[in-house]
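Shown next: start14.txt, containing compact mmCIF, N, CA, C and O atoms.
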```txt
# COMPACT_ATOMS: atom_id res chain seq x y z
N MET A 1 82.45 15.61 -60.61
CA MET A 1 83.68 15.37 -59.92
C MET A 1 84.87 15.48 -60.87
O MET A 1 85.90 15.98 -60.50
N ASN A 2 84.70 15.03 -62.10
CA ASN A 2 85.79 15.06 -63.09
C ASN A 2 85.43 16.03 -64.21
O ASN A 2 85.57 15.70 -65.38
N ILE A 3 85.00 17.22 -63.86
CA ILE A 3 84.52 18.18 -64.85
C ILE A 3 85.59 18.52 -65.89
O ILE A 3 85.28 18.66 -67.07
N ASN A 4 86.83 18.62 -65.48
CA ASN A 4 87.91 18.90 -66.41
C ASN A 4 88.00 17.81 -67.47
O ASN A 4 88.13 18.08 -68.67
N ASP A 5 87.92 16.56 -67.03
CA ASP A 5 87.98 15.44 -67.97
C ASP A 5 86.75 15.40 -68.87
O ASP A 5 86.84 15.06 -70.04
N LEU A 6 85.59 15.74 -68.32
CA LEU A 6 84.37 15.77 -69.12
C LEU A 6 84.51 16.77 -70.25
O LEU A 6 84.21 16.48 -71.40
N PHE A 7 85.00 17.97 -69.95
CA PHE A 7 85.18 18.98 -71.00
C PHE A 7 86.16 18.51 -72.06
O PHE A 7 85.95 18.71 -73.26
N LYS A 8 87.24 17.88 -71.65
CA LYS A 8 88.20 17.34 -72.62
C LYS A 8 87.52 16.35 -73.55
O LYS A 8 87.74 16.35 -74.76
N CYS A 9 86.69 15.49 -72.98
CA CYS A 9 85.99 14.48 -73.78
C CYS A 9 85.00 15.12 -74.75
O CYS A 9 84.92 14.73 -75.91
N VAL A 10 84.26 16.10 -74.28
CA VAL A 10 83.27 16.77 -75.12
C VAL A 10 83.95 17.47 -76.29
O VAL A 10 83.53 17.34 -77.44
N PHE A 11 85.01 18.19 -76.01
CA PHE A 11 85.67 18.96 -77.05
C PHE A 11 86.51 18.12 -78.00
O PHE A 11 86.66 18.45 -79.17
N THR A 12 87.04 17.01 -77.53
CA THR A 12 87.86 16.16 -78.39
C THR A 12 87.07 14.99 -78.98
O THR A 12 87.56 14.28 -79.84
N ARG A 13 85.84 14.78 -78.46
CA ARG A 13 84.98 13.68 -78.91
C ARG A 13 85.65 12.32 -78.73
O ARG A 13 85.51 11.42 -79.55
N THR A 14 86.40 12.18 -77.65
CA THR A 14 87.04 10.91 -77.33
C THR A 14 86.71 10.52 -75.90
O THR A 14 86.18 11.33 -75.13
N GLY A 15 87.04 9.31 -75.53
CA GLY A 15 86.75 8.82 -74.20
C GLY A 15 87.70 9.30 -73.13
O GLY A 15 87.38 9.23 -71.96
N GLY A 16 88.85 9.77 -73.49
CA GLY A 16 89.79 10.24 -72.50
C GLY A 16 90.40 9.11 -71.69
O GLY A 16 90.37 7.95 -72.09
N THR A 17 90.90 9.44 -70.52
CA THR A 17 91.60 8.45 -69.71
C THR A 17 90.87 8.11 -68.41
O THR A 17 91.24 7.17 -67.73
N VAL A 18 89.84 8.85 -68.05
CA VAL A 18 89.08 8.56 -66.84
C VAL A 18 88.03 7.51 -67.16
O VAL A 18 87.31 7.61 -68.16
N CYS A 19 87.93 6.49 -66.33
CA CYS A 19 87.04 5.37 -66.63
C CYS A 19 85.59 5.79 -66.81
O CYS A 19 84.85 5.17 -67.57
N THR A 20 85.16 6.87 -66.16
CA THR A 20 83.78 7.34 -66.30
C THR A 20 83.47 7.69 -67.75
O THR A 20 82.34 7.57 -68.19
N PHE A 21 84.46 8.13 -68.50
CA PHE A 21 84.25 8.56 -69.88
C PHE A 21 84.95 7.65 -70.88
O PHE A 21 85.30 8.07 -71.97
N ASN A 22 85.11 6.42 -70.52
CA ASN A 22 85.84 5.49 -71.37
C ASN A 22 85.21 4.11 -71.24
O ASN A 22 84.61 3.80 -70.23
N ASN A 23 85.36 3.28 -72.22
CA ASN A 23 84.86 1.91 -72.13
C ASN A 23 85.90 1.08 -71.39
O ASN A 23 86.87 0.62 -71.96
N CYS A 24 85.69 0.91 -70.10
CA CYS A 24 86.67 0.24 -69.25
C CYS A 24 86.42 -1.26 -69.12
O CYS A 24 87.13 -1.95 -68.40
N MET A 25 85.43 -1.78 -69.82
CA MET A 25 85.06 -3.19 -69.70
C MET A 25 86.24 -4.10 -69.99
O MET A 25 86.82 -4.06 -71.07
N GLY A 26 86.58 -4.93 -69.02
CA GLY A 26 87.65 -5.89 -69.20
C GLY A 26 89.05 -5.32 -69.10
O GLY A 26 90.03 -6.03 -69.29
N ASN A 27 89.15 -4.02 -68.80
CA ASN A 27 90.45 -3.38 -68.69
C ASN A 27 90.73 -2.85 -67.30
O ASN A 27 91.86 -2.51 -66.98
N THR A 28 89.70 -2.72 -66.51
CA THR A 28 89.83 -2.18 -65.17
C THR A 28 89.28 -3.20 -64.18
O THR A 28 88.16 -3.67 -64.34
N PHE A 29 90.06 -3.51 -63.17
CA PHE A 29 89.64 -4.45 -62.14
C PHE A 29 90.00 -3.89 -60.78
O PHE A 29 90.83 -2.99 -60.67
N ALA A 30 89.38 -4.42 -59.74
CA ALA A 30 89.71 -4.02 -58.38
C ALA A 30 89.80 -5.27 -57.53
O ALA A 30 89.13 -6.27 -57.79
N ILE A 31 90.64 -5.20 -56.52
CA ILE A 31 90.80 -6.32 -55.60
C ILE A 31 90.36 -5.86 -54.22
O ILE A 31 90.85 -4.85 -53.71
N GLY A 32 89.42 -6.60 -53.64
CA GLY A 32 88.92 -6.27 -52.31
C GLY A 32 89.91 -6.72 -51.24
O GLY A 32 90.85 -7.47 -51.51
N PRO A 33 89.69 -6.29 -50.01
CA PRO A 33 90.58 -6.64 -48.90
C PRO A 33 90.73 -8.14 -48.68
O PRO A 33 91.75 -8.60 -48.18
N ASP A 34 89.72 -8.90 -49.08
CA ASP A 34 89.76 -10.36 -48.90
C ASP A 34 90.35 -11.08 -50.10
O ASP A 34 90.43 -12.30 -50.12
N GLY A 35 90.77 -10.34 -51.13
CA GLY A 35 91.35 -10.94 -52.32
C GLY A 35 90.37 -11.19 -53.44
O GLY A 35 90.74 -11.69 -54.50
N SER A 36 89.10 -10.83 -53.24
CA SER A 36 88.11 -10.98 -54.29
C SER A 36 88.38 -9.99 -55.41
O SER A 36 88.78 -8.85 -55.15
N ILE A 37 88.14 -10.40 -56.63
CA ILE A 37 88.37 -9.55 -57.80
C ILE A 37 87.02 -9.05 -58.31
O ILE A 37 86.08 -9.83 -58.49
N TYR A 38 86.95 -7.76 -58.56
CA TYR A 38 85.72 -7.11 -59.02
C TYR A 38 86.00 -6.38 -60.33
O TYR A 38 87.14 -6.05 -60.63
N PRO A 39 84.94 -6.06 -61.09
CA PRO A 39 85.13 -5.35 -62.36
C PRO A 39 85.54 -3.89 -62.18
O PRO A 39 86.01 -3.26 -63.12
N CYS A 40 85.39 -3.35 -60.96
CA CYS A 40 85.69 -1.94 -60.71
C CYS A 40 85.71 -1.73 -59.21
O CYS A 40 85.06 -2.47 -58.46
N TYR A 41 86.41 -0.71 -58.76
CA TYR A 41 86.47 -0.44 -57.32
C TYR A 41 85.11 -0.14 -56.73
O TYR A 41 84.87 -0.36 -55.55
N ARG A 42 84.18 0.35 -57.53
CA ARG A 42 82.86 0.70 -57.02
C ARG A 42 82.05 -0.53 -56.63
O ARG A 42 81.08 -0.42 -55.90
N PHE A 43 82.44 -1.70 -57.10
CA PHE A 43 81.71 -2.92 -56.79
C PHE A 43 82.29 -3.68 -55.59
O PHE A 43 81.72 -4.67 -55.15
N VAL A 44 83.43 -3.23 -55.08
CA VAL A 44 84.08 -3.93 -53.97
C VAL A 44 83.12 -4.04 -52.79
O VAL A 44 82.48 -3.07 -52.40
N GLY A 45 83.03 -5.24 -52.24
CA GLY A 45 82.14 -5.50 -51.12
C GLY A 45 80.76 -6.00 -51.52
O GLY A 45 79.94 -6.32 -50.66
N MET A 46 80.50 -6.06 -52.82
CA MET A 46 79.21 -6.55 -53.32
C MET A 46 79.43 -7.98 -53.83
O MET A 46 79.93 -8.16 -54.95
N PRO A 47 79.05 -8.98 -53.04
CA PRO A 47 79.36 -10.38 -53.38
C PRO A 47 78.88 -10.82 -54.77
O PRO A 47 79.53 -11.64 -55.42
N GLU A 48 77.78 -10.27 -55.22
CA GLU A 48 77.24 -10.67 -56.53
C GLU A 48 78.12 -10.20 -57.70
O GLU A 48 77.92 -10.63 -58.83
N TRP A 49 79.10 -9.33 -57.42
CA TRP A 49 79.97 -8.81 -58.47
C TRP A 49 81.40 -9.37 -58.39
O TRP A 49 82.29 -8.90 -59.08
N VAL A 50 81.60 -10.39 -57.58
CA VAL A 50 82.92 -11.02 -57.50
C VAL A 50 83.15 -11.82 -58.78
O VAL A 50 82.31 -12.60 -59.22
N MET A 51 84.31 -11.60 -59.38
CA MET A 51 84.67 -12.27 -60.62
C MET A 51 85.62 -13.44 -60.40
O MET A 51 85.76 -14.30 -61.27
N GLY A 52 86.29 -13.44 -59.27
CA GLY A 52 87.26 -14.47 -58.96
C GLY A 52 88.01 -14.10 -57.70
O GLY A 52 87.63 -13.15 -57.00
N HIS A 53 89.06 -14.80 -57.42
CA HIS A 53 89.86 -14.54 -56.23
C HIS A 53 91.33 -14.64 -56.60
O HIS A 53 91.74 -15.52 -57.37
N VAL A 54 92.14 -13.74 -56.03
CA VAL A 54 93.56 -13.71 -56.38
C VAL A 54 94.27 -15.02 -56.06
O VAL A 54 95.21 -15.40 -56.77
N SER A 55 93.83 -15.71 -55.02
CA SER A 55 94.49 -16.97 -54.66
C SER A 55 94.34 -18.04 -55.74
O SER A 55 95.14 -18.96 -55.81
N ASP A 56 93.33 -17.89 -56.59
CA ASP A 56 93.13 -18.84 -57.69
C ASP A 56 93.96 -18.48 -58.92
O ASP A 56 93.98 -19.24 -59.89
N ARG A 57 94.59 -17.29 -58.88
CA ARG A 57 95.41 -16.79 -59.99
C ARG A 57 94.67 -16.89 -61.34
O ARG A 57 95.16 -17.47 -62.30
N PRO A 58 93.47 -16.31 -61.41
CA PRO A 58 92.68 -16.41 -62.64
C PRO A 58 93.31 -15.64 -63.80
O PRO A 58 93.93 -14.60 -63.59
N THR A 59 93.11 -16.15 -64.99
CA THR A 59 93.50 -15.43 -66.19
C THR A 59 92.35 -14.50 -66.58
O THR A 59 91.24 -14.59 -66.03
N LYS A 60 92.59 -13.64 -67.53
CA LYS A 60 91.53 -12.77 -68.01
C LYS A 60 90.39 -13.62 -68.60
O LYS A 60 89.22 -13.30 -68.44
N ALA A 61 90.76 -14.73 -69.23
CA ALA A 61 89.75 -15.64 -69.79
C ALA A 61 88.90 -16.25 -68.66
O ALA A 61 87.69 -16.41 -68.82
N ASP A 62 89.53 -16.56 -67.54
CA ASP A 62 88.78 -17.08 -66.39
C ASP A 62 87.79 -16.04 -65.88
O ASP A 62 86.63 -16.36 -65.59
N LEU A 63 88.25 -14.81 -65.76
CA LEU A 63 87.38 -13.74 -65.28
C LEU A 63 86.21 -13.52 -66.25
O LEU A 63 85.10 -13.21 -65.83
N ALA A 64 86.47 -13.71 -67.52
CA ALA A 64 85.43 -13.52 -68.54
C ALA A 64 84.30 -14.54 -68.42
O ALA A 64 83.22 -14.33 -68.96
N GLU A 65 84.53 -15.61 -67.72
CA GLU A 65 83.50 -16.63 -67.52
C GLU A 65 82.58 -16.30 -66.34
O GLU A 65 81.56 -16.95 -66.14
N SER A 66 82.91 -15.28 -65.57
CA SER A 66 82.12 -14.94 -64.39
C SER A 66 80.80 -14.26 -64.78
O SER A 66 80.68 -13.63 -65.83
N ARG A 67 79.83 -14.40 -63.89
CA ARG A 67 78.52 -13.77 -64.09
C ARG A 67 78.69 -12.24 -64.17
O ARG A 67 78.07 -11.58 -65.00
N ALA A 68 79.54 -11.68 -63.31
CA ALA A 68 79.74 -10.23 -63.30
C ALA A 68 80.27 -9.73 -64.64
O ALA A 68 79.79 -8.73 -65.18
N TRP A 69 81.27 -10.41 -65.19
CA TRP A 69 81.82 -10.02 -66.49
C TRP A 69 80.73 -10.04 -67.55
O TRP A 69 80.60 -9.11 -68.35
N LYS A 70 79.95 -11.11 -67.55
CA LYS A 70 78.89 -11.25 -68.57
C LYS A 70 77.84 -10.15 -68.43
O LYS A 70 77.37 -9.61 -69.44
N LEU A 71 77.48 -9.79 -67.20
CA LEU A 71 76.53 -8.70 -67.00
C LEU A 71 77.10 -7.36 -67.47
O LEU A 71 76.40 -6.58 -68.11
N MET A 72 78.34 -7.12 -67.15
CA MET A 72 78.99 -5.87 -67.57
C MET A 72 79.01 -5.76 -69.09
O MET A 72 78.70 -4.72 -69.66
N HIS A 73 79.35 -6.83 -69.76
CA HIS A 73 79.42 -6.80 -71.21
C HIS A 73 78.04 -6.78 -71.86
O HIS A 73 77.88 -6.19 -72.93
N ALA A 74 77.06 -7.38 -71.21
CA ALA A 74 75.69 -7.29 -71.73
C ALA A 74 75.22 -5.84 -71.69
O ALA A 74 74.58 -5.35 -72.62
N PHE A 75 75.56 -5.13 -70.60
CA PHE A 75 75.21 -3.72 -70.52
C PHE A 75 75.93 -2.92 -71.60
O PHE A 75 75.34 -2.08 -72.28
N SER A 76 77.20 -3.20 -71.80
CA SER A 76 77.98 -2.50 -72.81
C SER A 76 77.39 -2.74 -74.21
O SER A 76 77.26 -1.81 -75.01
N ASP A 77 77.00 -3.97 -74.49
CA ASP A 77 76.37 -4.29 -75.78
C ASP A 77 75.05 -3.54 -75.94
O ASP A 77 74.74 -3.05 -77.02
N PHE A 78 74.27 -3.46 -74.85
CA PHE A 78 73.01 -2.73 -74.88
C PHE A 78 73.25 -1.26 -75.22
O PHE A 78 72.59 -0.69 -76.08
N VAL A 79 74.22 -0.66 -74.55
CA VAL A 79 74.55 0.75 -74.80
C VAL A 79 75.03 0.93 -76.24
O VAL A 79 74.58 1.85 -76.93
N ASP A 80 75.88 0.04 -76.71
CA ASP A 80 76.39 0.15 -78.09
C ASP A 80 75.24 0.12 -79.09
O ASP A 80 75.25 0.87 -80.08
N GLU A 81 74.25 -0.72 -78.85
CA GLU A 81 73.14 -0.85 -79.79
C GLU A 81 72.15 0.32 -79.67
O GLU A 81 71.77 0.92 -80.66
N HIS A 82 71.75 0.62 -78.45
CA HIS A 82 70.68 1.61 -78.26
C HIS A 82 71.16 3.06 -78.28
O HIS A 82 70.34 3.96 -78.41
N CYS A 83 72.44 3.27 -78.17
CA CYS A 83 72.96 4.65 -78.15
C CYS A 83 73.87 4.94 -79.34
O CYS A 83 74.54 5.98 -79.37
N LYS A 84 73.88 4.06 -80.32
CA LYS A 84 74.85 4.20 -81.41
C LYS A 84 74.70 5.49 -82.21
O LYS A 84 75.66 5.95 -82.80
N GLU A 85 73.53 6.09 -82.22
CA GLU A 85 73.33 7.33 -82.97
C GLU A 85 73.64 8.58 -82.14
O GLU A 85 73.67 9.68 -82.66
N CYS A 86 73.90 8.39 -80.85
CA CYS A 86 74.13 9.53 -79.97
C CYS A 86 75.54 10.10 -80.21
O CYS A 86 76.52 9.36 -80.23
N PRO A 87 75.65 11.41 -80.37
CA PRO A 87 76.96 12.01 -80.61
C PRO A 87 77.89 11.97 -79.38
O PRO A 87 79.07 12.26 -79.49
N HIS A 88 77.35 11.58 -78.24
CA HIS A 88 78.13 11.57 -77.00
C HIS A 88 78.55 10.17 -76.57
O HIS A 88 79.19 10.01 -75.54
N ILE A 89 78.23 9.16 -77.35
CA ILE A 89 78.47 7.77 -76.96
C ILE A 89 79.94 7.48 -76.68
O ILE A 89 80.27 6.69 -75.80
N LYS A 90 80.85 8.12 -77.39
CA LYS A 90 82.28 7.81 -77.23
C LYS A 90 82.79 8.10 -75.83
O LYS A 90 83.75 7.49 -75.38
N TYR A 91 82.19 9.04 -75.13
CA TYR A 91 82.65 9.34 -73.79
C TYR A 91 81.58 9.14 -72.71
O TYR A 91 81.91 9.02 -71.54
N CYS A 92 80.33 9.06 -73.07
CA CYS A 92 79.28 8.83 -72.07
C CYS A 92 79.19 7.35 -71.70
O CYS A 92 79.14 7.00 -70.53
N ARG A 93 79.16 6.50 -72.71
CA ARG A 93 79.10 5.05 -72.53
C ARG A 93 77.90 4.61 -71.69
O ARG A 93 77.94 3.59 -71.04
N GLY A 94 76.84 5.42 -71.62
CA GLY A 94 75.65 5.04 -70.89
C GLY A 94 75.73 5.30 -69.39
O GLY A 94 74.97 4.77 -68.61
N GLY A 95 76.65 6.10 -68.98
CA GLY A 95 76.84 6.39 -67.56
C GLY A 95 78.10 5.72 -67.06
O GLY A 95 78.81 5.07 -67.82
N CYS A 96 78.40 5.86 -65.80
CA CYS A 96 79.60 5.26 -65.25
C CYS A 96 79.53 3.77 -65.54
O CYS A 96 78.73 3.06 -64.95
N PRO A 97 80.31 3.35 -66.49
CA PRO A 97 80.10 2.02 -67.08
C PRO A 97 80.25 0.88 -66.11
O PRO A 97 81.35 0.59 -65.74
N PRO A 98 79.19 0.19 -65.85
CA PRO A 98 77.78 0.59 -65.84
C PRO A 98 77.25 0.68 -64.43
O PRO A 98 76.07 0.45 -64.17
N TYR A 99 78.07 1.01 -63.46
CA TYR A 99 77.70 0.97 -62.05
C TYR A 99 76.37 1.67 -61.76
O TYR A 99 75.49 1.08 -61.15
N ASN A 100 76.21 2.91 -62.16
CA ASN A 100 74.99 3.64 -61.82
C ASN A 100 73.74 3.02 -62.45
O ASN A 100 72.68 3.02 -61.84
N ALA A 101 73.87 2.49 -63.63
CA ALA A 101 72.72 1.90 -64.30
C ALA A 101 72.34 0.54 -63.73
O ALA A 101 71.17 0.19 -63.65
N ILE A 102 73.31 -0.23 -63.31
CA ILE A 102 73.06 -1.60 -62.85
C ILE A 102 72.71 -1.67 -61.37
O ILE A 102 71.88 -2.46 -60.96
N THR A 103 73.33 -0.86 -60.55
CA THR A 103 73.21 -1.04 -59.10
C THR A 103 72.35 0.02 -58.43
O THR A 103 72.56 0.35 -57.28
N GLN A 104 71.36 0.52 -59.11
CA GLN A 104 70.50 1.55 -58.52
C GLN A 104 69.77 0.98 -57.31
O GLN A 104 69.23 -0.13 -57.37
N PRO A 105 69.72 1.75 -56.24
CA PRO A 105 68.96 1.30 -55.07
C PRO A 105 67.48 1.13 -55.41
O PRO A 105 66.96 1.81 -56.28
N GLU A 106 66.83 0.23 -54.71
CA GLU A 106 65.43 -0.06 -54.98
C GLU A 106 64.53 1.14 -54.79
O GLU A 106 63.47 1.25 -55.40
N GLU A 107 64.91 2.08 -53.89
CA GLU A 107 64.04 3.22 -53.62
C GLU A 107 64.00 4.23 -54.75
O GLU A 107 63.23 5.15 -54.75
N ARG A 108 64.87 4.10 -55.75
CA ARG A 108 64.87 5.05 -56.88
C ARG A 108 63.73 4.75 -57.80
O ARG A 108 63.29 3.74 -58.07
```
Give the structure from the file, written as structure tokens.
Amino acid sequence: MNINDLFKCVFTRTGGTVCTFNNCMGNTFAIGPDGSIYPCYRFVGMPEWVMGHVSDRPTKADLAESRAWKLMHAFSDFVDEHCKECPHIKYCRGGCPPYNAITQPEER
């Protein structure tokens, strides 16, 4: 879908600006229609990934205490450790960080 951005990342060896090719942990959030805060728009509607609610006016530190934040960062730490020798780590980040790896349907 973002082939142009992928090529830019490959040739420049950087993460670029598209979240798929960048470490977006703790920098990208989404708000669902009900005011729930999620780590990314792809998680909206998944109750287990709610980090907080806008009515509570959480700080970034508050969001960091959520189960979802901790899972996202545990995945990021795993990728950093297990993929550190990979020449593509700067823009791959282990897949769409980390939606595809974490939320795979059971039938896969």
Fill in the blank from the handout: Among A:Met72, A:Val79, A:Cys92, A:Ile37, Gly52 in chain A is approached most closely, using all atoms listed in the file, by A:Ile37
So for range 45-54 of chain A, what box centre and size do we get, axis-aligned, 8 Å extra on each of the six sides, every listed atom, Å to one decimal, as lines of an AutoDock Vina configuration file?
```
center_x = 86.2
center_y = -10.4
center_z = -56.0
size_x = 34.0
size_y = 26.3
size_z = 26.6
```
Handout entry: Point-to-point distance in Å for CA of Phe75 in chain A and CA of Ser36 in chain A
Key =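 Computing the Euclidean distance for CA of Ser36 in chain A and CA of Phe75 in chain A yields 22.0 Å.
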Exercise for the section: State, in Å with one decimal place, the distance from CA of Pro39 in chain A to CA of Gly26 in chain A. Expected result: 7.3 Å
Practice task
Using atom N of Asp80 in chain A and CA of Arg93 in chain A as the two end points, give the distance in Å to one decimal.
Solution key: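 Straight-line distance from atom N of Asp80 in chain A to CA of Arg93 in chain A works out to 7.3 Å.
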Practice task
Please provide as number ranges by chain all residues within 8 Å of Gly32 in chain A, with the sequence filter that same-chain residues fewer than 2 positions apart are discarded (counting only N, CA, C and O atoms).
Solution key: A: 29-30, 34-38, 40-41, 43-45, 52, 54
Handout entry: Polymer residues at most 6 Å from range 58-70 of chain A, all atoms listed in the file, same-chain spacing of 5 or more positions, as a ChimeraX atom specification
Key = /A:48-51,53,75
Written coordinates, N, CA, C and O atoms of range 23-43 of chain A as a PDB file, in the first residue's frame:
```
ATOM      1  N   ASN A  23       9.353   3.448  14.178  1.00  0.00           N
ATOM      2  CA  ASN A  23       9.019   3.019  15.533  1.00  0.00           C
ATOM      3  C   ASN A  23       8.039   4.040  16.114  1.00  0.00           C
ATOM      4  O   ASN A  23       8.434   5.084  16.605  1.00  0.00           O
ATOM      5  N   CYS A  24       6.766   3.724  16.036  1.00  0.00           N
ATOM      6  CA  CYS A  24       5.726   4.665  16.447  1.00  0.00           C
ATOM      7  C   CYS A  24       5.306   4.492  17.902  1.00  0.00           C
ATOM      8  O   CYS A  24       4.404   5.175  18.375  1.00  0.00           O
ATOM      9  N   MET A  25       5.948   3.596  18.626  1.00  0.00           N
ATOM     10  CA  MET A  25       5.560   3.304  20.005  1.00  0.00           C
ATOM     11  C   MET A  25       5.570   4.558  20.865  1.00  0.00           C
ATOM     12  O   MET A  25       6.586   5.229  20.999  1.00  0.00           O
ATOM     13  N   GLY A  26       4.424   4.855  21.450  1.00  0.00           N
ATOM     14  CA  GLY A  26       4.323   5.993  22.350  1.00  0.00           C
ATOM     15  C   GLY A  26       4.243   7.342  21.664  1.00  0.00           C
ATOM     16  O   GLY A  26       4.209   8.373  22.325  1.00  0.00           O
ATOM     17  N   ASN A  27       4.215   7.344  20.331  1.00  0.00           N
ATOM     18  CA  ASN A  27       4.144   8.591  19.581  1.00  0.00           C
ATOM     19  C   ASN A  27       2.872   8.712  18.757  1.00  0.00           C
ATOM     20  O   ASN A  27       2.547   9.787  18.283  1.00  0.00           O
ATOM     21  N   THR A  28       2.208   7.608  18.550  1.00  0.00           N
ATOM     22  CA  THR A  28       1.003   7.590  17.737  1.00  0.00           C
ATOM     23  C   THR A  28      -0.132   7.017  18.576  1.00  0.00           C
ATOM     24  O   THR A  28       0.005   5.943  19.147  1.00  0.00           O
ATOM     25  N   PHE A  29      -1.243   7.725  18.620  1.00  0.00           N
ATOM     26  CA  PHE A  29      -2.406   7.265  19.361  1.00  0.00           C
ATOM     27  C   PHE A  29      -3.641   7.474  18.505  1.00  0.00           C
ATOM     28  O   PHE A  29      -3.621   8.237  17.544  1.00  0.00           O
ATOM     29  N   ALA A  30      -4.719   6.799  18.854  1.00  0.00           N
ATOM     30  CA  ALA A  30      -5.994   6.978  18.167  1.00  0.00           C
ATOM     31  C   ALA A  30      -7.089   7.073  19.209  1.00  0.00           C
ATOM     32  O   ALA A  30      -6.992   6.488  20.290  1.00  0.00           O
ATOM     33  N   ILE A  31      -8.118   7.812  18.876  1.00  0.00           N
ATOM     34  CA  ILE A  31      -9.261   7.954  19.769  1.00  0.00           C
ATOM     35  C   ILE A  31     -10.477   7.375  19.068  1.00  0.00           C
ATOM     36  O   ILE A  31     -10.800   7.755  17.942  1.00  0.00           O
ATOM     37  N   GLY A  32     -11.130   6.430  19.745  1.00  0.00           N
ATOM     38  CA  GLY A  32     -12.320   5.799  19.193  1.00  0.00           C
ATOM     39  C   GLY A  32     -13.529   6.709  19.340  1.00  0.00           C
ATOM     40  O   GLY A  32     -13.497   7.715  20.052  1.00  0.00           O
ATOM     41  N   PRO A  33     -14.627   6.355  18.682  1.00  0.00           N
ATOM     42  CA  PRO A  33     -15.844   7.167  18.730  1.00  0.00           C
ATOM     43  C   PRO A  33     -16.381   7.381  20.144  1.00  0.00           C
ATOM     44  O   PRO A  33     -17.042   8.379  20.413  1.00  0.00           O
ATOM     45  N   ASP A  34     -16.079   6.455  21.042  1.00  0.00           N
ATOM     46  CA  ASP A  34     -16.563   6.567  22.425  1.00  0.00           C
ATOM     47  C   ASP A  34     -15.584   7.304  23.333  1.00  0.00           C
ATOM     48  O   ASP A  34     -15.826   7.455  24.519  1.00  0.00           O
ATOM     49  N   GLY A  35     -14.458   7.765  22.781  1.00  0.00           N
ATOM     50  CA  GLY A  35     -13.468   8.485  23.571  1.00  0.00           C
ATOM     51  C   GLY A  35     -12.350   7.620  24.114  1.00  0.00           C
ATOM     52  O   GLY A  35     -11.455   8.112  24.789  1.00  0.00           O
ATOM     53  N   SER A  36     -12.384   6.322  23.813  1.00  0.00           N
ATOM     54  CA  SER A  36     -11.309   5.432  24.255  1.00  0.00           C
ATOM     55  C   SER A  36     -10.037   5.743  23.487  1.00  0.00           C
ATOM     56  O   SER A  36     -10.079   6.052  22.291  1.00  0.00           O
ATOM     57  N   ILE A  37      -8.909   5.642  24.158  1.00  0.00           N
ATOM     58  CA  ILE A  37      -7.609   5.918  23.552  1.00  0.00           C
ATOM     59  C   ILE A  37      -6.907   4.592  23.270  1.00  0.00           C
ATOM     60  O   ILE A  37      -6.830   3.721  24.133  1.00  0.00           O
ATOM     61  N   TYR A  38      -6.394   4.474  22.065  1.00  0.00           N
ATOM     62  CA  TYR A  38      -5.719   3.255  21.612  1.00  0.00           C
ATOM     63  C   TYR A  38      -4.307   3.597  21.141  1.00  0.00           C
ATOM     64  O   TYR A  38      -4.026   4.740  20.798  1.00  0.00           O
ATOM     65  N   PRO A  39      -3.419   2.592  21.071  1.00  0.00           N
ATOM     66  CA  PRO A  39      -2.051   2.852  20.616  1.00  0.00           C
ATOM     67  C   PRO A  39      -1.951   3.162  19.125  1.00  0.00           C
ATOM     68  O   PRO A  39      -0.941   3.674  18.663  1.00  0.00           O
ATOM     69  N   CYS A  40      -3.017   2.876  18.358  1.00  0.00           N
ATOM     70  CA  CYS A  40      -2.989   3.073  16.913  1.00  0.00           C
ATOM     71  C   CYS A  40      -4.412   2.944  16.400  1.00  0.00           C
ATOM     72  O   CYS A  40      -5.242   2.273  17.015  1.00  0.00           O
ATOM     73  N   TYR A  41      -4.687   3.544  15.257  1.00  0.00           N
ATOM     74  CA  TYR A  41      -6.037   3.464  14.697  1.00  0.00           C
ATOM     75  C   TYR A  41      -6.447   2.036  14.384  1.00  0.00           C
ATOM     76  O   TYR A  41      -7.630   1.704  14.377  1.00  0.00           O
ATOM     77  N   ARG A  42      -5.495   1.159  14.138  1.00  0.00           N
ATOM     78  CA  ARG A  42      -5.821  -0.223  13.792  1.00  0.00           C
ATOM     79  C   ARG A  42      -6.403  -0.995  14.973  1.00  0.00           C
ATOM     80  O   ARG A  42      -7.018  -2.029  14.793  1.00  0.00           O
ATOM     81  N   PHE A  43      -6.214  -0.498  16.182  1.00  0.00           N
ATOM     82  CA  PHE A  43      -6.720  -1.178  17.371  1.00  0.00           C
ATOM     83  C   PHE A  43      -8.090  -0.664  17.819  1.00  0.00           C
ATOM     84  O   PHE A  43      -8.688  -1.213  18.738  1.00  0.00           O
TER      85      PHE A  43
END
```
